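Structure below is final.txt: compact mmCIF, C-alpha atoms and all ligand atoms.
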# COMPACT_ATOMS: atom_id res chain seq x y z
CA MET A 1 97.78 220.75 -31.47
CA LEU A 2 100.33 218.39 -30.04
CA SER A 3 100.60 218.20 -26.30
CA ARG A 4 103.37 216.36 -24.54
CA THR A 5 102.22 214.10 -21.78
CA PRO A 6 104.75 212.64 -19.35
CA PRO A 7 105.10 208.90 -19.79
CA ALA A 8 103.76 206.62 -17.10
CA PRO A 9 106.30 205.15 -14.66
CA GLY A 10 108.11 202.22 -16.17
CA LEU A 11 107.16 203.13 -19.71
CA ARG A 12 110.14 203.35 -22.03
CA ILE A 13 109.54 205.76 -24.87
CA PRO A 14 112.45 206.95 -27.01
CA ASP A 15 113.09 210.68 -26.61
CA THR A 16 112.71 211.10 -30.34
CA GLN A 17 109.14 209.80 -30.25
CA PRO A 18 106.84 212.37 -28.71
CA ILE A 19 103.67 211.13 -27.12
CA LEU A 20 100.92 212.70 -29.13
CA ARG A 21 97.31 213.22 -28.25
CA THR A 22 96.02 210.39 -26.13
CA VAL A 23 92.58 210.44 -27.67
CA LEU A 24 92.02 208.60 -30.92
CA THR A 25 90.45 211.25 -33.13
CA TYR A 26 90.50 209.41 -36.43
CA SER A 27 87.13 207.96 -37.29
CA GLY A 28 87.40 207.14 -40.98
CA PRO A 29 87.31 203.72 -42.65
CA GLU A 30 89.56 200.94 -41.43
CA GLY A 31 93.02 200.75 -42.87
CA ALA A 32 93.25 204.34 -44.10
CA PRO A 33 96.76 205.86 -44.12
CA GLU A 34 95.94 208.19 -41.25
CA GLU A 35 95.60 205.20 -38.99
CA MET A 36 99.35 204.62 -39.09
CA ALA A 37 99.95 208.02 -37.50
CA ASN A 38 97.49 207.17 -34.76
CA ASP A 39 99.40 203.99 -34.05
CA LEU A 40 102.21 205.96 -32.43
CA ARG A 41 99.88 207.26 -29.77
CA LEU A 42 99.48 205.39 -26.58
CA THR A 43 95.76 205.65 -25.97
CA PRO A 44 94.52 205.08 -22.42
CA GLN A 45 93.22 201.67 -23.48
CA ARG A 46 96.52 200.71 -25.08
CA GLN A 47 98.35 201.90 -21.98
CA ALA A 48 96.05 199.76 -19.83
CA VAL A 49 96.80 196.72 -22.00
CA LEU A 50 100.53 197.39 -21.81
CA ASP A 51 100.35 197.83 -18.03
CA VAL A 52 98.59 194.48 -17.66
CA LEU A 53 101.12 192.80 -19.92
CA ARG A 54 104.05 194.22 -17.95
CA GLY A 55 102.51 192.87 -14.77
CA SER A 56 101.95 189.40 -16.29
CA PRO A 57 105.15 187.33 -16.40
CA ASP A 58 103.06 184.21 -17.11
CA HIS A 59 102.83 184.96 -20.86
CA PRO A 60 99.03 185.36 -21.04
CA THR A 61 96.80 184.71 -24.04
CA ALA A 62 94.78 187.57 -25.53
CA GLN A 63 91.76 186.27 -23.61
CA ASP A 64 93.77 186.34 -20.36
CA VAL A 65 94.86 189.92 -21.07
CA PHE A 66 91.27 190.91 -21.81
CA ASP A 67 90.04 189.38 -18.52
CA ARG A 68 92.75 191.23 -16.57
CA VAL A 69 92.32 194.60 -18.30
CA ARG A 70 88.60 194.45 -17.57
CA ARG A 71 89.33 194.47 -13.82
CA THR A 72 90.74 198.00 -14.06
CA SER A 73 88.90 199.16 -17.19
CA PRO A 74 85.47 197.51 -16.98
CA GLY A 75 84.12 199.23 -20.09
CA ILE A 76 86.82 198.02 -22.46
CA GLY A 77 85.81 195.68 -25.29
CA ALA A 78 87.55 192.51 -26.45
CA ALA A 79 88.15 193.91 -29.94
CA THR A 80 89.88 196.95 -28.46
CA VAL A 81 92.15 194.78 -26.33
CA TYR A 82 93.00 192.45 -29.23
CA ARG A 83 93.72 195.39 -31.50
CA ALA A 84 95.88 197.04 -28.85
CA LEU A 85 97.88 193.83 -28.50
CA ASN A 86 98.48 193.67 -32.24
CA LEU A 87 99.62 197.28 -32.31
CA LEU A 88 101.94 196.84 -29.32
CA VAL A 89 103.49 193.85 -31.10
CA ALA A 90 103.81 195.83 -34.35
CA GLN A 91 105.51 198.67 -32.44
CA GLY A 92 107.96 196.32 -30.76
CA GLN A 93 106.60 196.91 -27.26
CA ALA A 94 105.43 193.32 -26.85
CA LEU A 95 106.14 189.90 -28.32
CA GLU A 96 103.59 187.50 -29.75
CA LEU A 97 104.76 183.97 -29.05
CA ASP A 98 103.79 180.57 -30.37
CA LEU A 99 104.49 178.33 -27.42
CA GLY A 100 102.90 175.30 -29.04
CA ASP A 101 99.37 175.66 -27.72
CA ALA A 102 96.26 176.83 -29.55
CA ALA A 103 96.35 180.51 -28.68
CA ALA A 104 99.18 182.99 -29.14
CA ARG A 105 100.83 184.17 -25.93
CA TYR A 106 101.98 187.71 -25.21
CA ASP A 107 105.14 188.91 -23.52
CA ALA A 108 106.20 192.40 -22.45
CA ASN A 109 109.79 191.20 -22.19
CA THR A 110 111.01 192.11 -25.67
CA ALA A 111 114.67 191.29 -25.03
CA ARG A 112 115.94 188.08 -26.63
CA HIS A 113 115.14 185.20 -24.33
CA ASP A 114 114.09 181.57 -24.29
CA HIS A 115 111.03 179.96 -22.76
CA VAL A 116 110.02 176.93 -20.79
CA VAL A 117 106.46 175.65 -21.23
CA CYS A 118 104.48 173.05 -19.28
CA THR A 119 102.91 170.50 -21.62
CA ARG A 120 100.14 169.77 -19.12
CA CYS A 121 98.92 173.12 -17.76
CA GLY A 122 100.49 175.54 -20.23
CA ALA A 123 102.43 177.48 -17.59
CA ALA A 124 105.22 179.40 -19.31
CA GLY A 125 108.25 181.22 -18.01
CA ASP A 126 111.41 182.94 -19.22
CA VAL A 127 114.67 181.01 -19.15
CA ASP A 128 117.38 183.13 -17.60
CA ALA A 129 120.08 180.44 -17.70
CA PRO A 130 122.87 181.09 -20.20
CA LEU A 131 122.90 178.66 -23.11
CA PRO A 132 126.09 177.12 -24.47
CA PRO A 133 127.76 179.55 -26.89
CA ARG A 134 128.68 176.52 -29.04
CA LEU A 135 125.00 176.03 -29.83
CA ALA A 136 124.65 178.74 -32.51
CA GLN A 137 128.04 177.83 -33.94
CA ALA A 138 127.04 174.18 -34.27
CA VAL A 139 123.82 175.14 -36.04
CA ALA A 140 125.75 177.41 -38.39
CA GLU A 141 128.18 174.61 -39.25
CA VAL A 142 125.41 172.10 -39.94
CA THR A 143 123.16 174.40 -41.99
CA GLY A 144 125.57 176.85 -43.59
CA PHE A 145 123.51 179.73 -42.20
CA ALA A 146 125.13 182.83 -40.75
CA VAL A 147 123.14 182.55 -37.53
CA THR A 148 122.30 185.93 -36.00
CA GLY A 149 119.87 184.86 -33.30
CA HIS A 150 117.68 182.17 -31.87
CA ASP A 151 114.78 181.67 -29.53
CA LEU A 152 114.08 178.31 -28.01
CA THR A 153 111.10 176.73 -26.29
CA PHE A 154 111.80 173.99 -23.76
CA ARG A 155 108.88 171.71 -22.93
CA GLY A 156 108.15 169.53 -19.96
CA LEU A 157 106.18 169.37 -16.73
CA CYS A 158 106.24 172.37 -14.41
CA PRO A 159 106.90 171.76 -10.68
CA SER A 160 103.14 171.74 -9.93
CA CYS A 161 102.39 169.15 -12.63
CA GLN A 162 105.19 166.73 -11.79
CA PRO A 163 103.95 163.52 -10.12
ZN ZN A 201 102.11 172.54 -15.32
ZN ZN A 202 109.07 185.52 -22.20

Show me the file's structure as structure tokens.
Ligand SMILES: [Zn+2]
Ligand SMILES: [Zn+2]
Amino acid sequence: MLSRTPPAPGLRIPDTQPILRTVLTYSGPEGAPEEMANDLRLTPQRQAVLDVLRGSPDHPTAQDVFDRVRRTSPGIGAATVYRALNLLVAQGQALELDLGDAAARYDANTARHDHVVCTRCGAAGDVDAPLPPRLAQAVAEVTGFAVTGHDLTFRGLCPSCQP
């Protein structure tokens, strides 16, 4: 009963992972094993959430994502959006970030990168500048860790918030 559906433009799905039925058919109790199989499907709602996230370089909160998804999918509920975000994060299609403010922020850019955050308005962006290669080495020397990665958050005032 599996039908292959072509992925939407811009959607990266490994060839080894077929897109299964796009309708969630499981209706049993929460947390049952069958739910894991359903997680591999990109339901229309989950696709809508992913589309919004990929068009949102400002690292939105879950509430922001919900507000934006509702513009194109007016019937969608907050719980559905929040659950879709959690699943996208669990599947590695989105990052959940703690940028130092109250709510988690979401990012469709899953490649390793650093962030800059405004301490006044919360504006957040990706840092594309290369960081000194000595940095990880210095941390390794000080801590004795074999450092395999890092992600940094730089804080300050964005151009709009500077006096
Ligand atoms: Zn700002
Ligand atoms: Zn980012």

* Asked: If we count all atoms listed in the file, what is near Ala129 of chain A at a cut-off of 9 Å, once residues fewer than 2 positions away on the same chain are taken out, given as number ranges by chain?
  -> A: 114, 127, 131

Go through chain A residue by residue and, counting all atoms listed in the file, keep those with an atom at most 9 Å from ligand ZN 202 (chain A); for each kept residue give the shortest atom pair and its distance in Å to one decimal, ordered by chain and increasing number, as a tab-separated table.
residue	atom	partner	partner_atom	distance
A:Pro57	CA	A:ZN202	ZN	7.2
A:Asp58	CA	A:ZN202	ZN	8.0
A:His59	CA	A:ZN202	ZN	6.4
A:Leu95	CA	A:ZN202	ZN	8.1
A:Leu97	CA	A:ZN202	ZN	8.2
A:Tyr106	CA	A:ZN202	ZN	8.0
A:Asp107	CA	A:ZN202	ZN	5.4
A:Ala108	CA	A:ZN202	ZN	7.5
A:Asn109	CA	A:ZN202	ZN	5.7
A:Thr110	CA	A:ZN202	ZN	7.7
A:Ala111	CA	A:ZN202	ZN	8.5
A:Arg112	CA	A:ZN202	ZN	8.6
A:His113	CA	A:ZN202	ZN	6.4
A:Asp114	CA	A:ZN202	ZN	6.7
A:His115	CA	A:ZN202	ZN	5.9
A:Val116	CA	A:ZN202	ZN	8.8
A:Ala124	CA	A:ZN202	ZN	7.8
A:Gly125	CA	A:ZN202	ZN	6.1
A:Asp126	CA	A:ZN202	ZN	4.6
A:Val127	CA	A:ZN202	ZN	7.8

* Kindly compile the residues surrounding ligand ZN 201 (chain A) within 7 Å, counting all atoms listed in the file, and format them as an MDAnalysis selection string. => chainID A and resid 118:123 157:161

* In file coordinates, which residues lie within 12 Å of (101.0, 183.8, -29.2) using only C-alpha atoms, given as a PyMOL selection string? -> chain A and resi 59-65+82+85-86+89+94-107+124

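Take the candidates A:Val139, A:Leu152, A:Leu53, A:Val147 and check each one against Ala84 of chain A using only C-alpha atoms; the shortest distance goes to A:Leu53.
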
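Across the model, the gap from atom CA of Leu50 of chain A to atom CA of Gln93 of chain A is 8.2 Å.
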
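Between atom CA of Phe154 of chain A and atom CA of Val52 of chain A the interatomic distance comes to 25.1 Å.
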
* To do: Kindly give the distance, in Å, that separates atom CA of Val142 of chain A and atom CA of Pro130 of chain A, rounded to a single decimal.
  =>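 That distance, rounded to one decimal, is 21.8 Å.
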
Starting from the sparse input, extend segment 128-140 of chain A to N, CA and C atoms and give the output as a PDB file, keeping the file's coordinate frame.
ATOM      1  N   ASP A 128     116.301 182.175 -17.813  1.00  0.00           N
ATOM      2  CA  ASP A 128     117.380 183.130 -17.600  1.00  0.00           C
ATOM      3  C   ASP A 128     118.760 182.472 -17.675  1.00  0.00           C
ATOM      4  N   ALA A 129     118.785 181.129 -17.695  1.00  0.00           N
ATOM      5  CA  ALA A 129     120.080 180.440 -17.700  1.00  0.00           C
ATOM      6  C   ALA A 129     120.807 180.692 -19.013  1.00  0.00           C
ATOM      7  N   PRO A 130     122.113 180.925 -18.961  1.00  0.00           N
ATOM      8  CA  PRO A 130     122.870 181.090 -20.200  1.00  0.00           C
ATOM      9  C   PRO A 130     122.950 179.779 -20.967  1.00  0.00           C
ATOM     10  N   LEU A 131     122.814 179.855 -22.290  1.00  0.00           N
ATOM     11  CA  LEU A 131     122.900 178.660 -23.110  1.00  0.00           C
ATOM     12  C   LEU A 131     124.307 178.525 -23.669  1.00  0.00           C
ATOM     13  N   PRO A 132     124.714 177.310 -23.985  1.00  0.00           N
ATOM     14  CA  PRO A 132     126.090 177.120 -24.470  1.00  0.00           C
ATOM     15  C   PRO A 132     126.377 177.955 -25.708  1.00  0.00           C
ATOM     16  N   PRO A 133     127.442 178.733 -25.716  1.00  0.00           N
ATOM     17  CA  PRO A 133     127.760 179.550 -26.890  1.00  0.00           C
ATOM     18  C   PRO A 133     128.044 178.696 -28.116  1.00  0.00           C
ATOM     19  N   ARG A 134     128.415 177.428 -27.914  1.00  0.00           N
ATOM     20  CA  ARG A 134     128.680 176.520 -29.040  1.00  0.00           C
ATOM     21  C   ARG A 134     127.416 176.214 -29.833  1.00  0.00           C
ATOM     22  N   LEU A 135     126.262 176.424 -29.217  1.00  0.00           N
ATOM     23  CA  LEU A 135     125.000 176.030 -29.830  1.00  0.00           C
ATOM     24  C   LEU A 135     124.801 176.684 -31.203  1.00  0.00           C
ATOM     25  N   ALA A 136     124.873 178.025 -31.249  1.00  0.00           N
ATOM     26  CA  ALA A 136     124.650 178.740 -32.510  1.00  0.00           C
ATOM     27  C   ALA A 136     125.726 178.363 -33.522  1.00  0.00           C
ATOM     28  N   GLN A 137     126.934 178.175 -33.036  1.00  0.00           N
ATOM     29  CA  GLN A 137     128.040 177.830 -33.940  1.00  0.00           C
ATOM     30  C   GLN A 137     127.801 176.455 -34.565  1.00  0.00           C
ATOM     31  N   ALA A 138     127.309 175.520 -33.756  1.00  0.00           N
ATOM     32  CA  ALA A 138     127.040 174.180 -34.270  1.00  0.00           C
ATOM     33  C   ALA A 138     125.943 174.218 -35.321  1.00  0.00           C
ATOM     34  N   VAL A 139     124.914 175.008 -35.078  1.00  0.00           N
ATOM     35  CA  VAL A 139     123.820 175.140 -36.040  1.00  0.00           C
ATOM     36  C   VAL A 139     124.335 175.759 -37.338  1.00  0.00           C
ATOM     37  N   ALA A 140     125.184 176.759 -37.205  1.00  0.00           N
ATOM     38  CA  ALA A 140     125.750 177.410 -38.390  1.00  0.00           C
ATOM     39  C   ALA A 140     126.565 176.422 -39.209  1.00  0.00           C
TER      40      ALA A 140
END
